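First comes the structure, then the notes that go with it.
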Amino acid sequence: MATPRIIVVGGGLAGLAAVIKIAEAGGTVDLFSIVPVKRSHSVCAQGGINAAKNLKGEGDTTDKHFDDTIYGGDFLANQPPVKAMCEAAPAIIDLLDRMGVPFNRTPEGLLDFRRFGGTLYNRTAFAGATTGQQLLYALDEQVRRYESEGKVKKYEGWEFLSAVLDSKGAARGITALDLRAMELRSFPADAIIIATGGAGAIFGKSTNSVICTGSAQSALFQQGAYYANGEFIQVHPTCIPGEDKLRLMSESARGEGGRVWVPRTPGDPRPVKQIPASERFYFLEEWYPKYGNLVPRDVATRAIHKVVYQLGLGLDGQPMVYLDLTHIDRATLNRKLEGILEIYEKFVGVDPRDEPMKIFPGVHYTMGGLWVDVNQMTNIPGLFAAGECEYQYHGANRLGANSLLSCIFGGFVSGPNALRYAKGLEGPEGDGGHAAELARQAEINSKLLNNVGTENPFKLWRELGQTMTEHVTVIRFNKGLKEADEKVIELIERYKNVNLSDRSQWANTSFAFARQLKNMLELSRVIAQGALLRDESRGAHYKPDFPNRNDEKFLKTTKASFTGAVAGPRFEYEEVDTQFIKPRPRNYDAAK
Amino acid sequence: MADKKVTLEIKRQASPDDPAVWETFELDWRPGMNVITAIMDIAANPVTADGHPTTPVTYDCNCLEEICGSCAMRINGKARMACSALLDNLDQPIRLEPLSKFPLVRDLQVDRSVLFENLKAVKAWIPIDGTYDLGSGPRVFPQQQEVNYPLSNCISCTCCMEVCPQFNIDTGFVGAATIAQVKLFNNHPTGSVLKEERLRALAGDGGIQECGFAQNCVEVCPKQIPLTSAISDVSRDVILQKAKDFLRS
C-alpha cells in the first residue's frame, strides 16, 4: 500500500516528538498548529526535565523516579505507562543532549542536575530557566530538517475543528480552519495524533498561553471520545499575579534554594530586609521539615492558601507571600535562573536578586485529558493523543519537571503506534465521512457568523474564568461546584445569543475565539461535575468536607462521555492499575 | 484613581488590499496593565473613543511572557514585544502599528515566515543519526555552554530584522537572527559537520556581506543576544570559507 499518511495536531513537544518518530520510520506527516510551531506553549516550561541519571552519586534509580511520580500523583495513575516513562527518561535526556540542547554543565563537561519538588534527589536536567524553550527548539529544528526533505508538511495558522469519522466510528481525517482566509477544509489521514496541550484558559487567567483552551479535546469529547480525570487541575504555588495572565515563577527557584515566607506579624511595617529571621514564618519548612520548600505543588499551594486566608498573614493583607532568593549570590542566580528572574524584573519592575518576590498560586496544568490506552490511542479507533491533552502520566498531581518528559515520551509512543495502526488499516466505506463532517462544520460556522445577539464572547469567557477559578481550583465545596456548573449552563444558554463584533472573512479572531469558547464551556462541565462527584481529597483535588483519600470508593479513573443533555456528561469509573506499587498514605511531613 | 484613563491609537487595516486607518481608544486604567491587556479590553468592548463600534484588533500573541516571540509590533515607533510593554512606562497616546518590513495580514498581524525559511536555508539543526538510544552527547564544558545558551535564546520575534536598514526586498538580506543561529550550530561539535554548507549559504546575495553594521539589531533584541559579535564571527568564517573554496577550485 501507499505510505501511510498521519496527521499530527499541535506542534509543542508531544506533537513534534511524534512527528520525528513517524518521519524517521518513513511515514509522512501533515502537522497542524494554530501558531508557528516554534511559538507553542512548551516554550513556557522553565525549570527542567526529570531523568534518574544518577550523576550526583546519590544512588538515584528509575525505580525511585517511578515511585516519586506515583506517590506524588496520589496513586491515581495507571502504573505501567508511568514505569515505562521513567525507565525511558535517561535515554531521552541523552537524545536531547545529542540534538544540541544547551543543558547546564558540570565543570567536567557532564550534564548538571538540580532538585525539584516531590523528590529528595538531584534528578532534573536544565538549560538555565528556559528548559522548555530549549527542548522545543531542538525538536523544532529536527522537524525543520524533515520538512526540508519533504517528509513533513506544516499547516501553521490552521485550527483543528473536528475529527472525520467513518461509518464504523474510526478516524479518517480532520476538519480545520485556515485562520487567515477563514477557509474550512477537511484533510484525509489514516491515523491522527492530538497533541494540543492543556486547558488553562477555562479558568480565565492562568500560567498557560492564549491558545491553551482545550478546544480540540472538547470537540473530540463531544464526538464521542472519553475525557478522563477532568477534575484534576494543578494550581502552581508560585506565580506572579498579572492583569492579562499569571506568570509562572518556576519551581526551580526553590530547587536552587529559594525560601517561601511571610512576616509573623500581619502587616509588619518594617522594610522586608529588616525583618529578622526569628520574625519570619518559613511555613513550608516548619510544616514539612523533610521536603521543606520542595513539597509537591498541591501541598505548597494549599499551605499558601492557609497562610493567606485562614491565618491572615498575606503580605499587606493581600493574597501574596514572599519567594526569597536574596540569600543566594548573584552569579549563581544568573547562571541557573536568569530567564525567570528577568521575567519578574520586566513585569514587576523589581530585581528579585535584591528583593524577595511576591507570588501567589495560579492555575497551571491539566492532569486530566483525553482517555488513552497504553498505545496512546483514544476510544475512537485511529485517534491518538499525547502530551498534556491526555491523562495518563500524572495521576492526581503532576511532579515538577515531569511534564516535559511525559510530552516527549508520549509523543515517542504515539508516533510509531499511529504508524502501525495506519499500516494495518483498510480503506473506508465511501468517502470516510468527509462530506458529512464538512457540511456539519460549515453549518456551525455559518450559524455563528450570522448570529444576531447581544453577548460579547470575550465577556462570557471572563465570567467563565471567574466562576471556575472561584469554585473549581484549590479548595472545593460541593455547594460551590454546583453553583459553578449552574453558571456554566447559564453561559451556554447565553452563548446562543452571542454577537460577533466582526463578521468579516479574513483573519477574524473573534470568530475563532467564539468557536473555542463553546468548547471551553462544554469541557468546564466535565471538570466541575467530575469534582462534584469525587467526594474525597486526592492530590490537587481537595474538599474540606471530605479531607481524606478514599481508595475504596475513588481509587478510580473518572471517565466522562458527552450526552448533549442539559444534565451534562455521563460519568463512569475505571479501576486503576496498581500492580507495581501498593497504594500507601501520602505524607510529606517525613521522608517516604 | 478609579476614573484614570489610558489612550491608545491603533493603526487598523482590514486586509492587505484595504486602506490603513487610525482608530483611537480610551480605556480604564488598572495597575500593571500592558499593551496586551489593553488590546484584550478592546476585544471585550470594541468601541472607539468617539463611540463608534469597531472590530476587535487582530494581532499575534501567545505566551505573554516574552518567550514565544509572537507579539512583536511597533509601539510608539519602536519595535518590541507587546506583552512586556507596560502602559505606565509609555508616553500617551500609545501608538500601535504593525511591523513594517513584513507582509501585512490584518491590523497588527504580519507574516514573518521568511525567518523560518531562512533557518531552513542555513540548515539550522544538528544532523543526528537517529532518535534511538546512542548514548550521551559530546562533552560540553560550562564555558562553551555559556557562549551557546544566549544564542539559543532567540525567540524569532524578528525585531532585529525590522530595525535593520539592510533588511528589505532589494537586498534579500537574511538578517541578524539567522546569522546568530549559524554561529550557534557551527559551534556545536556535531553541528559543525554542516559548517561549510552554512557558511556558503551566507556567502552570496542576501548573505552576510549585506550587513552594514548599523548595530540597530543588538540594541533592539529583547533577549540581549550578542548579535553583532555573532555577525563579526560568522563574517570572518564566511570570508575564510570563500578563500578556501577559491583555492580548491
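Each chain of the C-alpha cells is named A, B, ... in the order shown, its residues numbered from 1; ligands are numbered from 1 in display order.
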
Chain B contacts to chain A at 6 Å (only C-alpha atoms) as JSON, numbers by chain: {"B": [37, 44, 55, 62, 63, 68, 125, 126, 133, 136, 137, 139, 140, 141, 142, 149]}

Alpha helix (DSSP H) call set, DSSP backbone run, range 209-274 of chain A, as a ChimeraX atom specification: /A:215-222,252-255

Please provide as an mmCIF file with N, CA and C atoms, in the first residue's frame all residues within 7 Å of range 165-178 of chain A, with the sequence filter that same-chain residues fewer than 4 positions apart are discarded (counting only C-alpha atoms).
data_model
loop_
_atom_site.group_PDB
_atom_site.id
_atom_site.type_symbol
_atom_site.label_atom_id
_atom_site.label_comp_id
_atom_site.auth_asym_id
_atom_site.auth_seq_id
_atom_site.Cartn_x
_atom_site.Cartn_y
_atom_site.Cartn_z
ATOM 1 N N GLY A 157 -1.031 28.153 11.436
ATOM 2 C CA GLY A 157 -2.120 29.107 11.259
ATOM 3 C C GLY A 157 -3.431 28.411 10.896
ATOM 4 N N TRP A 158 -3.504 27.111 11.134
ATOM 5 C CA TRP A 158 -4.746 26.356 10.943
ATOM 6 C C TRP A 158 -5.219 25.845 12.293
ATOM 7 N N GLU A 159 -6.517 25.947 12.532
ATOM 8 C CA GLU A 159 -7.072 25.456 13.786
ATOM 9 C C GLU A 159 -7.907 24.206 13.550
ATOM 10 N N PHE A 160 -7.606 23.165 14.327
ATOM 11 C CA PHE A 160 -8.367 21.918 14.293
ATOM 12 C C PHE A 160 -9.807 22.183 14.737
ATOM 13 N N LEU A 161 -10.783 21.646 13.992
ATOM 14 C CA LEU A 161 -12.180 21.798 14.409
ATOM 15 C C LEU A 161 -12.792 20.479 14.855
ATOM 16 N N MET A 182 -9.921 32.082 6.527
ATOM 17 C CA MET A 182 -11.146 31.574 7.136
ATOM 18 C C MET A 182 -11.755 30.459 6.278
ATOM 19 N N GLU A 183 -10.872 29.729 5.607
ATOM 20 C CA GLU A 183 -11.327 28.646 4.741
ATOM 21 C C GLU A 183 -11.459 27.364 5.565
ATOM 22 N N LEU A 184 -12.587 26.684 5.405
ATOM 23 C CA LEU A 184 -12.828 25.401 6.071
ATOM 24 C C LEU A 184 -12.471 24.284 5.103
ATOM 25 N N ARG A 185 -11.677 23.314 5.580
ATOM 26 C CA ARG A 185 -11.308 22.199 4.708
ATOM 27 C C ARG A 185 -11.265 20.921 5.514
ATOM 28 N N SER A 186 -11.390 19.790 4.823
ATOM 29 C CA SER A 186 -11.141 18.529 5.507
ATOM 30 C C SER A 186 -9.889 17.898 4.908
ATOM 31 N N PHE A 187 -9.167 17.181 5.758
ATOM 32 C CA PHE A 187 -7.900 16.578 5.356
ATOM 33 C C PHE A 187 -7.948 15.083 5.671
ATOM 34 N N PRO A 188 -7.682 14.229 4.694
ATOM 35 C CA PRO A 188 -7.716 12.792 4.964
ATOM 36 C C PRO A 188 -6.453 12.321 5.678
ATOM 37 N N ALA A 189 -6.596 11.280 6.494
ATOM 38 C CA ALA A 189 -5.437 10.669 7.150
ATOM 39 C C ALA A 189 -5.804 9.258 7.572
ATOM 40 N N ASP A 190 -4.779 8.420 7.718
ATOM 41 C CA ASP A 190 -5.002 7.046 8.180
ATOM 42 C C ASP A 190 -4.985 6.959 9.697
ATOM 43 N N ALA A 191 -4.305 7.900 10.319
ATOM 44 C CA ALA A 191 -4.317 7.995 11.779
ATOM 45 C C ALA A 191 -4.057 9.443 12.162
ATOM 46 N N ILE A 192 -4.544 9.811 13.344
ATOM 47 C CA ILE A 192 -4.439 11.202 13.803
ATOM 48 C C ILE A 192 -3.881 11.212 15.212
ATOM 49 N N ILE A 380 -11.670 6.228 20.226
ATOM 50 C CA ILE A 380 -12.010 6.358 18.805
ATOM 51 C C ILE A 380 -10.869 5.728 18.003
ATOM 52 N N PRO A 381 -11.129 4.634 17.285
ATOM 53 C CA PRO A 381 -10.040 3.969 16.563
ATOM 54 C C PRO A 381 -9.334 4.933 15.604
ATOM 55 N N GLY A 382 -8.000 4.888 15.640
ATOM 56 C CA GLY A 382 -7.218 5.744 14.751
ATOM 57 C C GLY A 382 -6.971 7.135 15.284
ATOM 58 N N LEU A 383 -7.549 7.460 16.429
ATOM 59 C CA LEU A 383 -7.342 8.769 17.036
ATOM 60 C C LEU A 383 -6.463 8.594 18.274
ATOM 61 N N PRO A 428 -11.722 3.115 3.713
ATOM 62 C CA PRO A 428 -13.036 3.389 4.292
ATOM 63 C C PRO A 428 -14.160 3.055 3.317
ATOM 64 N N GLY A 432 -15.448 8.053 3.652
ATOM 65 C CA GLY A 432 -14.908 8.037 5.014
ATOM 66 C C GLY A 432 -15.559 9.072 5.913
ATOM 67 N N GLY A 433 -16.643 9.666 5.464
ATOM 68 C CA GLY A 433 -17.361 10.630 6.303
ATOM 69 C C GLY A 433 -16.965 12.074 6.078
ATOM 70 N N LEU A 438 -17.713 17.916 6.867
ATOM 71 C CA LEU A 438 -17.522 19.268 6.324
ATOM 72 C C LEU A 438 -18.831 20.041 6.361
#

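Look at Phe173 in chain B: the protein and nucleic acid residues within 6 Å of it, using only C-alpha atoms and passing over chain neighbours fewer than 3 places away, are Phe167, Gly206 and Gly207 of chain B.
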